[in-house]
Amino acid sequence: MQQTPIFQPYEFSAQDKEKLDRDGHFVLPGLLTPQACEQLTQSLSRIEDLVEAGVKDPLPNRNAAEYDSYLESLIAHPQLLTLARQVLGENIRFDHCVTLNRPSGNQGVRWHSHEYAEDDPSLGFLRIFFYVNGFELNNGNLKAVPGSHLYRDEQINAETDADLQTGWLAGKTHPHTGESLQIEALAIPPASVVLMWTHAAHAVNPRLPDSPTRWAVVYAYRN
C-alpha cells in the first residue's frame, strides 16, 4: 500500500550535500506537507500528554515510535529513507525516534554532541529533525557550530554560549576552510526539516513564557 507523502517535492543536490558535509547541518524549509504537520502535531501532543502524566520505563519521549503508530510508520517511509540514503548511501540502519517538544518556559538544552565511530570518518550518523511549527530566534531555537562535526568529538559540553566560546571553541578553526569556528543561531519556518551530523556541536535556547509548544521529532539513521 502506497503511503501518503510526508514531503513536498524537493531536490537535494550534490551542492546541498557538500554544504551539509562542510557545515554539519542543512535546512530544508517548508518540506513537510500540511497533512504530515497535522498528523505529527496530534502524535507529538499525545506523547507530551504521556510525559506530563508521568508514564515512564521507558520514557515515552525517548522511545516515541513505541507509543504512537503514526510516528512508528514514518521510520520506513519511502521519502524519509530516500532522504537518509541521499546522505548516508544505500546501506543504512534506523537508530532511534525521539520527540523534542518544547512547551512554554522549557529551559532548552546545553551545548553537546553525540558519539559514533570517532576513529572512522567513513561511518556516519545522521539526525533528521522535523520542526512542525518551526521556531524564531531566542525562543526555543536550535544553535549549531558549522564545522564542529569534522572534529568528531563526542565530548563537546558547555552550559552557555560563553562557556563554549571560552572552552571547547577557543582557537578552533574549520578543518576545510581555516576560518574560526562560530556559533550560528537558527530560525526556521514551519514544516521545516533539518539534517545534522551527530558530532555537530548544538544546543537549544529556552522557550519563552506564554509561547505555544514547539512540536518536533527526530529520526536517526546510520550507515
# chains A, B, ... in the order shown; residues from 1 in each chain; ligands from 1
$ residues_around --residues "A:Leu50" --least-positions-apart "3" --cutoff "12 Å" --atoms "only C-alpha atoms" --output "count of residues only"
20
$ select_by_dssp --residues "chain A" --states "strand (DSSP E)" --output "JSON list (two decimals) with all heavy atoms, in the first residue's frame"
[["chain", "number", "residue", "atom", "x", "y", "z"],
["A", 25, "HIS", "N", 25.20, 20.75, 9.27],
["A", 25, "HIS", "CA", 23.74, 20.78, 9.29],
["A", 25, "HIS", "C", 23.24, 21.43, 8.01],
["A", 25, "HIS", "O", 23.96, 22.17, 7.35],
["A", 25, "HIS", "CB", 23.21, 21.52, 10.52],
["A", 25, "HIS", "CG", 23.58, 22.98, 10.54],
["A", 25, "HIS", "ND1", 24.77, 23.45, 11.06],
["A", 25, "HIS", "CD2", 22.91, 24.08, 10.11],
["A", 25, "HIS", "CE1", 24.83, 24.76, 10.96],
["A", 25, "HIS", "NE2", 23.70, 25.17, 10.37],
["A", 26, "PHE", "N", 21.98, 21.12, 7.68],
["A", 26, "PHE", "CA", 21.39, 21.65, 6.45],
["A", 26, "PHE", "C", 19.88, 21.77, 6.66],
["A", 26, "PHE", "O", 19.25, 20.83, 7.15],
["A", 26, "PHE", "CB", 21.69, 20.74, 5.26],
["A", 26, "PHE", "CG", 21.23, 21.29, 3.94],
["A", 26, "PHE", "CD1", 22.02, 22.18, 3.24],
["A", 26, "PHE", "CD2", 20.00, 20.91, 3.40],
["A", 26, "PHE", "CE1", 21.61, 22.69, 2.01],
["A", 26, "PHE", "CE2", 19.57, 21.43, 2.19],
["A", 26, "PHE", "CZ", 20.38, 22.32, 1.49],
["A", 27, "VAL", "N", 19.31, 22.91, 6.27],
["A", 27, "VAL", "CA", 17.88, 23.17, 6.47],
["A", 27, "VAL", "C", 17.12, 23.00, 5.17],
["A", 27, "VAL", "O", 17.52, 23.54, 4.12],
["A", 27, "VAL", "CB", 17.66, 24.60, 7.02],
["A", 27, "VAL", "CG1", 16.17, 24.87, 7.21],
["A", 27, "VAL", "CG2", 18.42, 24.81, 8.33],
["A", 28, "LEU", "N", 16.03, 22.25, 5.24],
["A", 28, "LEU", "CA", 15.09, 22.11, 4.12],
["A", 28, "LEU", "C", 13.79, 22.81, 4.55],
["A", 28, "LEU", "O", 12.91, 22.19, 5.17],
["A", 28, "LEU", "CB", 14.84, 20.64, 3.81],
["A", 28, "LEU", "CG", 16.05, 19.89, 3.21],
["A", 28, "LEU", "CD1", 15.92, 18.39, 3.42],
["A", 28, "LEU", "CD2", 16.19, 20.22, 1.73],
["A", 93, "ARG", "N", 20.80, 2.00, 8.57],
["A", 93, "ARG", "CA", 20.09, 1.34, 9.67],
["A", 93, "ARG", "C", 19.40, 2.40, 10.53],
["A", 93, "ARG", "O", 20.00, 3.42, 10.87],
["A", 93, "ARG", "CB", 21.08, 0.54, 10.52],
["A", 93, "ARG", "CG", 20.47, -0.16, 11.72],
["A", 93, "ARG", "CD", 21.51, -0.96, 12.48],
["A", 93, "ARG", "NE", 22.07, -2.01, 11.63],
["A", 93, "ARG", "CZ", 22.97, -2.90, 12.06],
["A", 93, "ARG", "NH1", 23.42, -2.83, 13.29],
["A", 93, "ARG", "NH2", 23.43, -3.82, 11.23],
["A", 94, "PHE", "N", 18.13, 2.16, 10.85],
["A", 94, "PHE", "CA", 17.42, 3.05, 11.77],
["A", 94, "PHE", "C", 18.02, 2.93, 13.17],
["A", 94, "PHE", "O", 18.37, 1.83, 13.61],
["A", 94, "PHE", "CB", 15.94, 2.68, 11.80],
["A", 94, "PHE", "CG", 15.16, 3.36, 12.89],
["A", 94, "PHE", "CD1", 14.82, 4.69, 12.80],
["A", 94, "PHE", "CD2", 14.78, 2.66, 14.02],
["A", 94, "PHE", "CE1", 14.11, 5.32, 13.82],
["A", 94, "PHE", "CE2", 14.06, 3.26, 15.04],
["A", 94, "PHE", "CZ", 13.72, 4.60, 14.93],
["A", 95, "ASP", "N", 18.12, 4.07, 13.87],
["A", 95, "ASP", "CA", 18.68, 4.04, 15.22],
["A", 95, "ASP", "C", 17.65, 4.41, 16.28],
["A", 95, "ASP", "O", 17.45, 3.68, 17.22],
["A", 95, "ASP", "CB", 19.89, 4.96, 15.34],
["A", 95, "ASP", "CG", 20.65, 4.73, 16.63],
["A", 95, "ASP", "OD1", 21.50, 3.83, 16.67],
["A", 95, "ASP", "OD2", 20.36, 5.44, 17.62],
["A", 96, "HIS", "N", 16.99, 5.58, 16.14],
["A", 96, "HIS", "CA", 16.01, 5.96, 17.16],
["A", 96, "HIS", "C", 15.06, 7.04, 16.66],
["A", 96, "HIS", "O", 15.32, 7.71, 15.67],
["A", 96, "HIS", "CB", 16.71, 6.43, 18.44],
["A", 96, "HIS", "CG", 17.51, 7.69, 18.28],
["A", 96, "HIS", "ND1", 18.86, 7.70, 18.11],
["A", 96, "HIS", "CD2", 17.12, 8.99, 18.27],
["A", 96, "HIS", "CE1", 19.30, 8.95, 18.00],
["A", 96, "HIS", "NE2", 18.26, 9.75, 18.09],
["A", 97, "CYS", "N", 13.95, 7.17, 17.38],
["A", 97, "CYS", "CA", 12.96, 8.23, 17.17],
["A", 97, "CYS", "C", 12.68, 8.86, 18.52],
["A", 97, "CYS", "O", 12.23, 8.18, 19.44],
["A", 97, "CYS", "CB", 11.69, 7.64, 16.56],
["A", 97, "CYS", "SG", 10.27, 8.76, 16.57],
["A", 98, "VAL", "N", 12.96, 10.16, 18.64],
["A", 98, "VAL", "CA", 12.83, 10.87, 19.91],
["A", 98, "VAL", "C", 12.04, 12.15, 19.69],
["A", 98, "VAL", "O", 12.33, 12.91, 18.75],
["A", 98, "VAL", "CB", 14.22, 11.21, 20.51],
["A", 98, "VAL", "CG1", 14.09, 12.09, 21.74],
["A", 98, "VAL", "CG2", 14.97, 9.93, 20.86],
["A", 99, "THR", "N", 11.05, 12.43, 20.54],
["A", 99, "THR", "CA", 10.36, 13.70, 20.46],
["A", 99, "THR", "C", 11.17, 14.78, 21.15],
["A", 99, "THR", "O", 11.85, 14.54, 22.15],
["A", 99, "THR", "CB", 8.95, 13.62, 21.08],
["A", 99, "THR", "OG1", 9.05, 13.33, 22.47],
["A", 99, "THR", "CG2", 8.11, 12.57, 20.39],
["A", 109, "VAL", "N", 18.33, 23.16, 25.94],
["A", 109, "VAL", "CA", 19.37, 22.13, 26.10],
["A", 109, "VAL", "C", 20.74, 22.76, 25.98],
["A", 109, "VAL", "O", 20.98, 23.56, 25.07],
["A", 109, "VAL", "CB", 19.20, 21.01, 25.05],
["A", 109, "VAL", "CG1", 20.34, 20.00, 25.13],
["A", 109, "VAL", "CG2", 17.87, 20.30, 25.21],
["A", 110, "ARG", "N", 21.64, 22.38, 26.86],
["A", 110, "ARG", "CA", 23.01, 22.89, 26.85],
["A", 110, "ARG", "C", 23.76, 22.39, 25.62],
["A", 110, "ARG", "O", 23.32, 21.48, 24.93],
["A", 110, "ARG", "CB", 23.74, 22.47, 28.12],
["A", 110, "ARG", "CG", 23.87, 20.96, 28.28],
["A", 110, "ARG", "CD", 24.51, 20.60, 29.60],
["A", 110, "ARG", "NE", 25.90, 20.99, 29.65],
["A", 110, "ARG", "CZ", 26.53, 21.35, 30.75],
["A", 110, "ARG", "NH1", 25.89, 21.39, 31.92],
["A", 110, "ARG", "NH2", 27.81, 21.69, 30.72],
["A", 111, "TRP", "N", 24.92, 22.95, 25.36],
["A", 111, "TRP", "CA", 25.76, 22.54, 24.25],
["A", 111, "TRP", "C", 26.25, 21.11, 24.45],
["A", 111, "TRP", "O", 26.69, 20.74, 25.52],
["A", 111, "TRP", "CB", 26.95, 23.48, 24.10],
["A", 111, "TRP", "CG", 26.59, 24.79, 23.49],
["A", 111, "TRP", "CD1", 26.35, 25.96, 24.15],
["A", 111, "TRP", "CD2", 26.40, 25.06, 22.11],
["A", 111, "TRP", "NE1", 26.01, 26.94, 23.26],
["A", 111, "TRP", "CE2", 26.04, 26.43, 22.00],
["A", 111, "TRP", "CE3", 26.50, 24.29, 20.95],
["A", 111, "TRP", "CZ2", 25.80, 27.03, 20.77],
["A", 111, "TRP", "CZ3", 26.25, 24.88, 19.73],
["A", 111, "TRP", "CH2", 25.90, 26.25, 19.64],
["A", 112, "HIS", "N", 26.15, 20.32, 23.36],
["A", 112, "HIS", "CA", 26.58, 18.93, 23.42],
["A", 112, "HIS", "C", 26.81, 18.40, 22.01],
["A", 112, "HIS", "O", 26.49, 19.04, 21.01],
["A", 112, "HIS", "CB", 25.53, 18.07, 24.13],
["A", 112, "HIS", "CG", 24.23, 17.98, 23.41],
["A", 112, "HIS", "ND1", 23.33, 19.02, 23.34],
["A", 112, "HIS", "CD2", 23.66, 16.96, 22.72],
["A", 112, "HIS", "CE1", 22.28, 18.67, 22.65],
["A", 112, "HIS", "NE2", 22.44, 17.41, 22.25],
["A", 125, "PHE", "N", 26.48, 9.13, 11.16],
["A", 125, "PHE", "CA", 25.26, 9.02, 11.95],
["A", 125, "PHE", "C", 24.50, 10.32, 11.72],
["A", 125, "PHE", "O", 24.98, 11.40, 12.06],
["A", 125, "PHE", "CB", 25.63, 8.86, 13.42],
["A", 125, "PHE", "CG", 24.49, 8.44, 14.33],
["A", 125, "PHE", "CD1", 24.59, 7.30, 15.11],
["A", 125, "PHE", "CD2", 23.34, 9.20, 14.43],
["A", 125, "PHE", "CE1", 23.58, 6.91, 15.98],
["A", 125, "PHE", "CE2", 22.31, 8.82, 15.29],
["A", 125, "PHE", "CZ", 22.43, 7.67, 16.06],
["A", 126, "LEU", "N", 23.33, 10.22, 11.09],
["A", 126, "LEU", "CA", 22.56, 11.39, 10.66],
["A", 126, "LEU", "C", 21.29, 11.52, 11.47],
["A", 126, "LEU", "O", 20.53, 10.55, 11.61],
["A", 126, "LEU", "CB", 22.21, 11.27, 9.18],
["A", 126, "LEU", "CG", 21.37, 12.40, 8.58],
["A", 126, "LEU", "CD1", 22.22, 13.66, 8.44],
["A", 126, "LEU", "CD2", 20.79, 11.98, 7.23],
["A", 127, "ARG", "N", 21.03, 12.72, 11.99],
["A", 127, "ARG", "CA", 19.77, 13.02, 12.64],
["A", 127, "ARG", "C", 18.93, 13.89, 11.72],
["A", 127, "ARG", "O", 19.42, 14.89, 11.19],
["A", 127, "ARG", "CB", 20.01, 13.70, 13.99],
["A", 127, "ARG", "CG", 20.49, 12.74, 15.07],
["A", 127, "ARG", "CD", 20.80, 13.45, 16.39],
["A", 127, "ARG", "NE", 20.86, 12.49, 17.47],
["A", 127, "ARG", "CZ", 21.93, 11.75, 17.76],
["A", 127, "ARG", "NH1", 23.01, 11.88, 17.02],
["A", 127, "ARG", "NH2", 21.91, 10.89, 18.76],
["A", 128, "ILE", "N", 17.65, 13.49, 11.55],
["A", 128, "ILE", "CA", 16.72, 14.22, 10.68],
["A", 128, "ILE", "C", 15.61, 14.78, 11.56],
["A", 128, "ILE", "O", 14.78, 14.04, 12.08],
["A", 128, "ILE", "CB", 16.15, 13.30, 9.59],
["A", 128, "ILE", "CG1", 17.30, 12.68, 8.77],
["A", 128, "ILE", "CG2", 15.19, 14.07, 8.69],
["A", 128, "ILE", "CD1", 16.84, 11.67, 7.73],
["A", 129, "PHE", "N", 15.63, 16.09, 11.76],
["A", 129, "PHE", "CA", 14.69, 16.77, 12.65],
["A", 129, "PHE", "C", 13.48, 17.26, 11.86],
["A", 129, "PHE", "O", 13.64, 17.93, 10.84],
["A", 129, "PHE", "CB", 15.35, 17.98, 13.32],
["A", 129, "PHE", "CG", 16.54, 17.66, 14.18],
["A", 129, "PHE", "CD1", 17.81, 17.50, 13.62],
["A", 129, "PHE", "CD2", 16.41, 17.56, 15.56],
["A", 129, "PHE", "CE1", 18.91, 17.23, 14.42],
["A", 129, "PHE", "CE2", 17.50, 17.29, 16.36],
["A", 129, "PHE", "CZ", 18.76, 17.11, 15.79],
["A", 130, "PHE", "N", 12.28, 16.97, 12.37],
["A", 130, "PHE", "CA", 11.05, 17.55, 11.84],
["A", 130, "PHE", "C", 10.60, 18.66, 12.80],
["A", 130, "PHE", "O", 10.21, 18.38, 13.94],
["A", 130, "PHE", "CB", 9.93, 16.51, 11.77],
["A", 130, "PHE", "CG", 10.13, 15.40, 10.76],
["A", 130, "PHE", "CD1", 11.25, 15.34, 9.97],
["A", 130, "PHE", "CD2", 9.17, 14.42, 10.62],
["A", 130, "PHE", "CE1", 11.43, 14.33, 9.04],
["A", 130, "PHE", "CE2", 9.32, 13.40, 9.70],
["A", 130, "PHE", "CZ", 10.45, 13.34, 8.90],
["A", 131, "TYR", "N", 10.65, 19.91, 12.35],
["A", 131, "TYR", "CA", 10.19, 21.04, 13.17],
["A", 131, "TYR", "C", 8.83, 21.48, 12.63],
["A", 131, "TYR", "O", 8.75, 22.29, 11.71],
["A", 131, "TYR", "CB", 11.21, 22.17, 13.14],
["A", 131, "TYR", "CG", 12.47, 21.84, 13.91],
["A", 131, "TYR", "CD1", 13.67, 21.55, 13.25],
["A", 131, "TYR", "CD2", 12.46, 21.80, 15.30],
["A", 131, "TYR", "CE1", 14.82, 21.24, 13.96],
["A", 131, "TYR", "CE2", 13.60, 21.49, 16.02],
["A", 131, "TYR", "CZ", 14.78, 21.21, 15.34],
["A", 131, "TYR", "OH", 15.92, 20.91, 16.05],
["A", 142, "LEU", "N", 17.20, 26.28, 17.67],
["A", 142, "LEU", "CA", 18.39, 25.45, 17.55],
["A", 142, "LEU", "C", 19.61, 26.33, 17.28],
["A", 142, "LEU", "O", 19.52, 27.32, 16.55],
["A", 142, "LEU", "CB", 18.20, 24.46, 16.41],
["A", 142, "LEU", "CG", 19.32, 23.47, 16.11],
["A", 142, "LEU", "CD1", 19.53, 22.50, 17.26],
["A", 142, "LEU", "CD2", 19.01, 22.71, 14.81],
["A", 143, "LYS", "N", 20.73, 25.95, 17.87],
["A", 143, "LYS", "CA", 22.02, 26.61, 17.61],
["A", 143, "LYS", "C", 23.03, 25.54, 17.24],
["A", 143, "LYS", "O", 22.97, 24.41, 17.73],
["A", 143, "LYS", "CB", 22.52, 27.36, 18.85],
["A", 143, "LYS", "CG", 21.58, 28.45, 19.32],
["A", 143, "LYS", "CD", 22.11, 29.15, 20.58],
["A", 143, "LYS", "CE", 22.02, 28.25, 21.80],
["A", 143, "LYS", "NZ", 22.37, 28.95, 23.06],
["A", 144, "ALA", "N", 23.97, 25.89, 16.36],
["A", 144, "ALA", "CA", 24.98, 24.93, 15.93],
["A", 144, "ALA", "C", 26.30, 25.66, 15.68],
["A", 144, "ALA", "O", 26.34, 26.90, 15.63],
["A", 144, "ALA", "CB", 24.53, 24.19, 14.68],
["A", 157, "ASN", "N", 30.80, 19.87, 25.42],
["A", 157, "ASN", "CA", 29.86, 20.09, 26.52],
["A", 157, "ASN", "C", 30.06, 21.48, 27.10],
["A", 157, "ASN", "O", 31.17, 21.85, 27.47],
["A", 157, "ASN", "CB", 30.10, 19.03, 27.61],
["A", 157, "ASN", "CG", 28.87, 18.81, 28.47],
["A", 157, "ASN", "OD1", 28.32, 19.78, 29.00],
["A", 157, "ASN", "ND2", 28.46, 17.57, 28.62],
["A", 158, "ALA", "N", 28.98, 22.27, 27.15],
["A", 158, "ALA", "CA", 29.06, 23.60, 27.75],
["A", 158, "ALA", "C", 27.67, 24.05, 28.15],
["A", 158, "ALA", "O", 26.68, 23.75, 27.48],
["A", 158, "ALA", "CB", 29.67, 24.61, 26.77],
["A", 184, "GLU", "N", 26.22, 29.57, 15.29],
["A", 184, "GLU", "CA", 25.16, 30.03, 14.39],
["A", 184, "GLU", "C", 23.81, 29.74, 15.04],
["A", 184, "GLU", "O", 23.49, 28.59, 15.36],
["A", 184, "GLU", "CB", 25.23, 29.31, 13.04],
["A", 184, "GLU", "CG", 24.12, 29.72, 12.09],
["A", 184, "GLU", "CD", 24.14, 28.96, 10.78],
["A", 184, "GLU", "OE1", 25.04, 28.11, 10.58],
["A", 184, "GLU", "OE2", 23.23, 29.18, 9.95],
["A", 185, "ALA", "N", 23.03, 30.78, 15.25],
["A", 185, "ALA", "CA", 21.66, 30.62, 15.77],
["A", 185, "ALA", "C", 20.71, 30.53, 14.60],
["A", 185, "ALA", "O", 20.75, 31.35, 13.68],
["A", 185, "ALA", "CB", 21.30, 31.80, 16.67],
["A", 192, "SER", "N", 9.53, 22.66, 8.53],
["A", 192, "SER", "CA", 10.90, 22.50, 8.06],
["A", 192, "SER", "C", 11.56, 21.22, 8.58],
["A", 192, "SER", "O", 11.18, 20.69, 9.63],
["A", 192, "SER", "CB", 11.75, 23.71, 8.48],
["A", 192, "SER", "OG", 11.31, 24.88, 7.82],
["A", 193, "VAL", "N", 12.55, 20.76, 7.83],
["A", 193, "VAL", "CA", 13.34, 19.60, 8.19],
["A", 193, "VAL", "C", 14.80, 20.03, 8.26],
["A", 193, "VAL", "O", 15.27, 20.79, 7.40],
["A", 193, "VAL", "CB", 13.16, 18.46, 7.16],
["A", 193, "VAL", "CG1", 14.14, 17.33, 7.40],
["A", 193, "VAL", "CG2", 11.73, 17.95, 7.19],
["A", 194, "VAL", "N", 15.51, 19.57, 9.29],
["A", 194, "VAL", "CA", 16.93, 19.89, 9.44],
["A", 194, "VAL", "C", 17.71, 18.58, 9.50],
["A", 194, "VAL", "O", 17.39, 17.69, 10.27],
["A", 194, "VAL", "CB", 17.18, 20.72, 10.72],
["A", 194, "VAL", "CG1", 18.69, 20.93, 10.93],
["A", 194, "VAL", "CG2", 16.47, 22.07, 10.64],
["A", 195, "LEU", "N", 18.75, 18.50, 8.68],
["A", 195, "LEU", "CA", 19.68, 17.38, 8.71],
["A", 195, "LEU", "C", 20.88, 17.79, 9.54],
["A", 195, "LEU", "O", 21.38, 18.92, 9.43],
["A", 195, "LEU", "CB", 20.15, 17.03, 7.30],
["A", 195, "LEU", "CG", 19.07, 16.85, 6.22],
["A", 195, "LEU", "CD1", 19.73, 16.56, 4.87],
["A", 195, "LEU", "CD2", 18.10, 15.76, 6.60],
["A", 196, "MET", "N", 21.39, 16.87, 10.38],
["A", 196, "MET", "CA", 22.55, 17.20, 11.20],
["A", 196, "MET", "C", 23.41, 15.95, 11.44],
["A", 196, "MET", "O", 22.90, 14.91, 11.85],
["A", 196, "MET", "CB", 22.13, 17.80, 12.54],
["A", 196, "MET", "CG", 23.30, 18.18, 13.45],
["A", 196, "MET", "SD", 22.80, 19.04, 14.97],
["A", 196, "MET", "CE", 22.40, 20.67, 14.30],
["A", 197, "TRP", "N", 24.71, 16.08, 11.17],
["A", 197, "TRP", "CA", 25.64, 15.03, 11.54],
["A", 197, "TRP", "C", 25.76, 14.95, 13.06],
["A", 197, "TRP", "O", 25.77, 15.97, 13.74],
["A", 197, "TRP", "CB", 27.02, 15.27, 10.93],
["A", 197, "TRP", "CG", 27.12, 15.05, 9.45],
["A", 197, "TRP", "CD1", 27.44, 15.97, 8.50],
["A", 197, "TRP", "CD2", 26.89, 13.82, 8.75],
["A", 197, "TRP", "NE1", 27.45, 15.40, 7.26],
["A", 197, "TRP", "CE2", 27.11, 14.07, 7.38],
["A", 197, "TRP", "CE3", 26.53, 12.53, 9.15],
["A", 197, "TRP", "CZ2", 26.98, 13.08, 6.40],
["A", 197, "TRP", "CZ3", 26.39, 11.55, 8.17],
["A", 197, "TRP", "CH2", 26.62, 11.83, 6.82],
["A", 202, "HIS", "N", 25.75, 21.36, 19.17],
["A", 202, "HIS", "CA", 24.46, 22.01, 19.04],
["A", 202, "HIS", "C", 23.82, 22.20, 20.42],
["A", 202, "HIS", "O", 24.19, 21.53, 21.39],
["A", 202, "HIS", "CB", 23.51, 21.25, 18.12],
["A", 202, "HIS", "CG", 23.24, 19.83, 18.53],
["A", 202, "HIS", "ND1", 24.19, 18.83, 18.48],
["A", 202, "HIS", "CD2", 22.11, 19.23, 19.00],
["A", 202, "HIS", "CE1", 23.66, 17.68, 18.88],
["A", 202, "HIS", "NE2", 22.40, 17.90, 19.22],
["A", 203, "ALA", "N", 22.89, 23.14, 20.49],
["A", 203, "ALA", "CA", 22.19, 23.47, 21.73],
["A", 203, "ALA", "C", 20.84, 24.07, 21.36],
["A", 203, "ALA", "O", 20.56, 24.35, 20.19],
["A", 203, "ALA", "CB", 23.01, 24.44, 22.57],
["A", 204, "VAL", "N", 19.99, 24.28, 22.36],
["A", 204, "VAL", "CA", 18.66, 24.87, 22.15],
["A", 204, "VAL", "C", 18.43, 25.95, 23.19],
["A", 204, "VAL", "O", 18.64, 25.72, 24.39],
["A", 204, "VAL", "CB", 17.55, 23.80, 22.26],
["A", 204, "VAL", "CG1", 16.17, 24.44, 22.10],
["A", 204, "VAL", "CG2", 17.75, 22.71, 21.21],
["A", 216, "ALA", "N", 8.34, 18.97, 17.75],
["A", 216, "ALA", "CA", 9.46, 18.47, 16.97],
["A", 216, "ALA", "C", 9.75, 17.02, 17.29],
["A", 216, "ALA", "O", 9.49, 16.55, 18.42],
["A", 216, "ALA", "CB", 10.72, 19.31, 17.23],
["A", 217, "VAL", "N", 10.28, 16.31, 16.31],
["A", 217, "VAL", "CA", 10.70, 14.92, 16.49],
["A", 217, "VAL", "C", 11.93, 14.69, 15.64],
["A", 217, "VAL", "O", 12.11, 15.35, 14.60],
["A", 217, "VAL", "CB", 9.55, 13.95, 16.11],
["A", 217, "VAL", "CG1", 9.18, 14.09, 14.64],
["A", 217, "VAL", "CG2", 9.92, 12.50, 16.43],
["A", 218, "VAL", "N", 12.80, 13.79, 16.07],
["A", 218, "VAL", "CA", 14.00, 13.47, 15.30],
["A", 218, "VAL", "C", 14.02, 11.98, 14.99],
["A", 218, "VAL", "O", 13.70, 11.14, 15.84],
["A", 218, "VAL", "CB", 15.28, 13.89, 16.07],
["A", 218, "VAL", "CG1", 15.39, 13.21, 17.41],
["A", 218, "VAL", "CG2", 16.52, 13.62, 15.22],
["A", 219, "TYR", "N", 14.38, 11.67, 13.75],
["A", 219, "TYR", "CA", 14.62, 10.30, 13.31],
["A", 219, "TYR", "C", 16.10, 10.16, 12.98],
["A", 219, "TYR", "O", 16.64, 10.98, 12.22],
["A", 219, "TYR", "CB", 13.77, 9.96, 12.08],
["A", 219, "TYR", "CG", 12.30, 9.81, 12.39],
["A", 219, "TYR", "CD1", 11.45, 10.91, 12.41],
["A", 219, "TYR", "CD2", 11.76, 8.56, 12.67],
["A", 219, "TYR", "CE1", 10.11, 10.78, 12.70],
["A", 219, "TYR", "CE2", 10.41, 8.41, 12.96],
["A", 219, "TYR", "CZ", 9.59, 9.52, 12.98],
["A", 219, "TYR", "OH", 8.25, 9.38, 13.28],
["A", 220, "ALA", "N", 16.75, 9.15, 13.54],
["A", 220, "ALA", "CA", 18.19, 9.00, 13.36],
["A", 220, "ALA", "C", 18.50, 7.70, 12.61],
["A", 220, "ALA", "O", 17.92, 6.66, 12.88],
["A", 220, "ALA", "CB", 18.90, 8.98, 14.72],
["A", 221, "TYR", "N", 19.44, 7.83, 11.66],
["A", 221, "TYR", "CA", 19.89, 6.70, 10.86],
["A", 221, "TYR", "C", 21.42, 6.71, 10.80],
["A", 221, "TYR", "O", 22.04, 7.77, 10.93],
["A", 221, "TYR", "CB", 19.32, 6.78, 9.43],
["A", 221, "TYR", "CG", 17.82, 6.75, 9.38],
["A", 221, "TYR", "CD1", 17.08, 7.92, 9.54],
["A", 221, "TYR", "CD2", 17.13, 5.56, 9.18],
["A", 221, "TYR", "CE1", 15.70, 7.90, 9.51],
["A", 221, "TYR", "CE2", 15.74, 5.53, 9.14],
["A", 221, "TYR", "CZ", 15.03, 6.71, 9.31],
["A", 221, "TYR", "OH", 13.66, 6.69, 9.29],
["A", 222, "ARG", "N", 22.00, 5.52, 10.57],
["A", 222, "ARG", "CA", 23.46, 5.42, 10.46],
["A", 222, "ARG", "C", 23.82, 4.41, 9.38],
["A", 222, "ARG", "O", 23.01, 3.57, 9.00],
["A", 222, "ARG", "CB", 24.07, 5.03, 11.80],
["A", 222, "ARG", "CG", 23.44, 3.81, 12.47],
["A", 222, "ARG", "CD", 23.88, 3.69, 13.92],
["A", 222, "ARG", "NE", 23.17, 2.64, 14.62],
["A", 222, "ARG", "CZ", 23.60, 1.39, 14.76],
["A", 222, "ARG", "NH1", 24.74, 1.03, 14.19],
["A", 222, "ARG", "NH2", 22.89, 0.49, 15.42]]
$ select_by_dssp --residues "stretch 17-204 of chain A" --states "alpha helix (DSSP H)" --output "PyMOL selection string"
chain A and resi 17-23+34-52+69-74+78-88+161-166
$ write_last_selection --atoms "C-alpha atoms" --output "short mmCIF file (atom, residue, chain, number, x, y, z; two decimals), in the first residue's frame"
data_model
loop_
_atom_site.label_atom_id
_atom_site.label_comp_id
_atom_site.auth_asym_id
_atom_site.auth_seq_id
_atom_site.Cartn_x
_atom_site.Cartn_y
_atom_site.Cartn_z
CA LYS A 17 25.31 17.50 0.26
CA GLU A 18 28.61 19.41 0.10
CA LYS A 19 27.12 22.15 2.29
CA LEU A 20 25.87 19.58 4.81
CA ASP A 21 29.32 17.98 4.91
CA ARG A 22 31.01 21.37 5.28
CA ASP A 23 28.69 22.87 7.91
CA PRO A 34 0.23 20.13 5.64
CA GLN A 35 -1.19 16.64 6.19
CA ALA A 36 2.06 15.43 7.77
CA CYS A 37 2.18 18.51 10.02
CA GLU A 38 -1.38 17.86 11.18
CA GLN A 39 -0.74 14.21 11.98
CA LEU A 40 2.62 14.94 13.60
CA THR A 41 1.05 17.58 15.84
CA GLN A 42 -1.56 15.07 17.01
CA SER A 43 1.06 12.38 17.65
CA LEU A 44 3.53 14.70 19.38
CA SER A 45 0.75 16.13 21.54
CA ARG A 46 -0.16 12.59 22.58
CA ILE A 47 3.44 11.85 23.56
CA GLU A 48 3.61 15.10 25.53
CA ASP A 49 0.45 14.12 27.42
CA LEU A 50 2.09 10.81 28.36
CA VAL A 51 5.22 12.59 29.57
CA GLU A 52 3.17 15.00 31.69
CA SER A 69 1.57 4.22 15.40
CA TYR A 70 1.96 7.22 13.10
CA LEU A 71 5.45 8.03 14.39
CA GLU A 72 6.31 4.35 14.00
CA SER A 73 5.04 4.31 10.42
CA LEU A 74 7.46 7.04 9.39
CA PRO A 78 9.97 5.74 1.44
CA GLN A 79 10.52 9.51 1.35
CA LEU A 80 12.35 9.53 4.67
CA LEU A 81 14.52 6.56 3.68
CA THR A 82 15.32 8.22 0.36
CA LEU A 83 16.46 11.37 2.13
CA ALA A 84 18.60 9.40 4.59
CA ARG A 85 20.18 7.41 1.74
CA GLN A 86 20.95 10.58 -0.20
CA VAL A 87 23.26 11.45 2.69
CA LEU A 88 24.46 8.10 4.05
CA ASP A 161 27.38 30.14 24.63
CA ALA A 162 30.06 31.99 26.58
CA ASP A 163 31.25 28.75 28.19
CA LEU A 164 31.55 27.13 24.76
CA GLN A 165 33.39 30.12 23.31
CA THR A 166 35.96 30.24 26.11
#
$ closest_residue --among "A:Gln3, A:Thr198, A:Thr160, A:Asn106" --to "A:Ser148" --atoms "only C-alpha atoms"
A:Thr198
$ atom_distance --atom1 "atom CA of A:Ser211" --atom2 "atom CA of A:Asn139"
8.2 Å
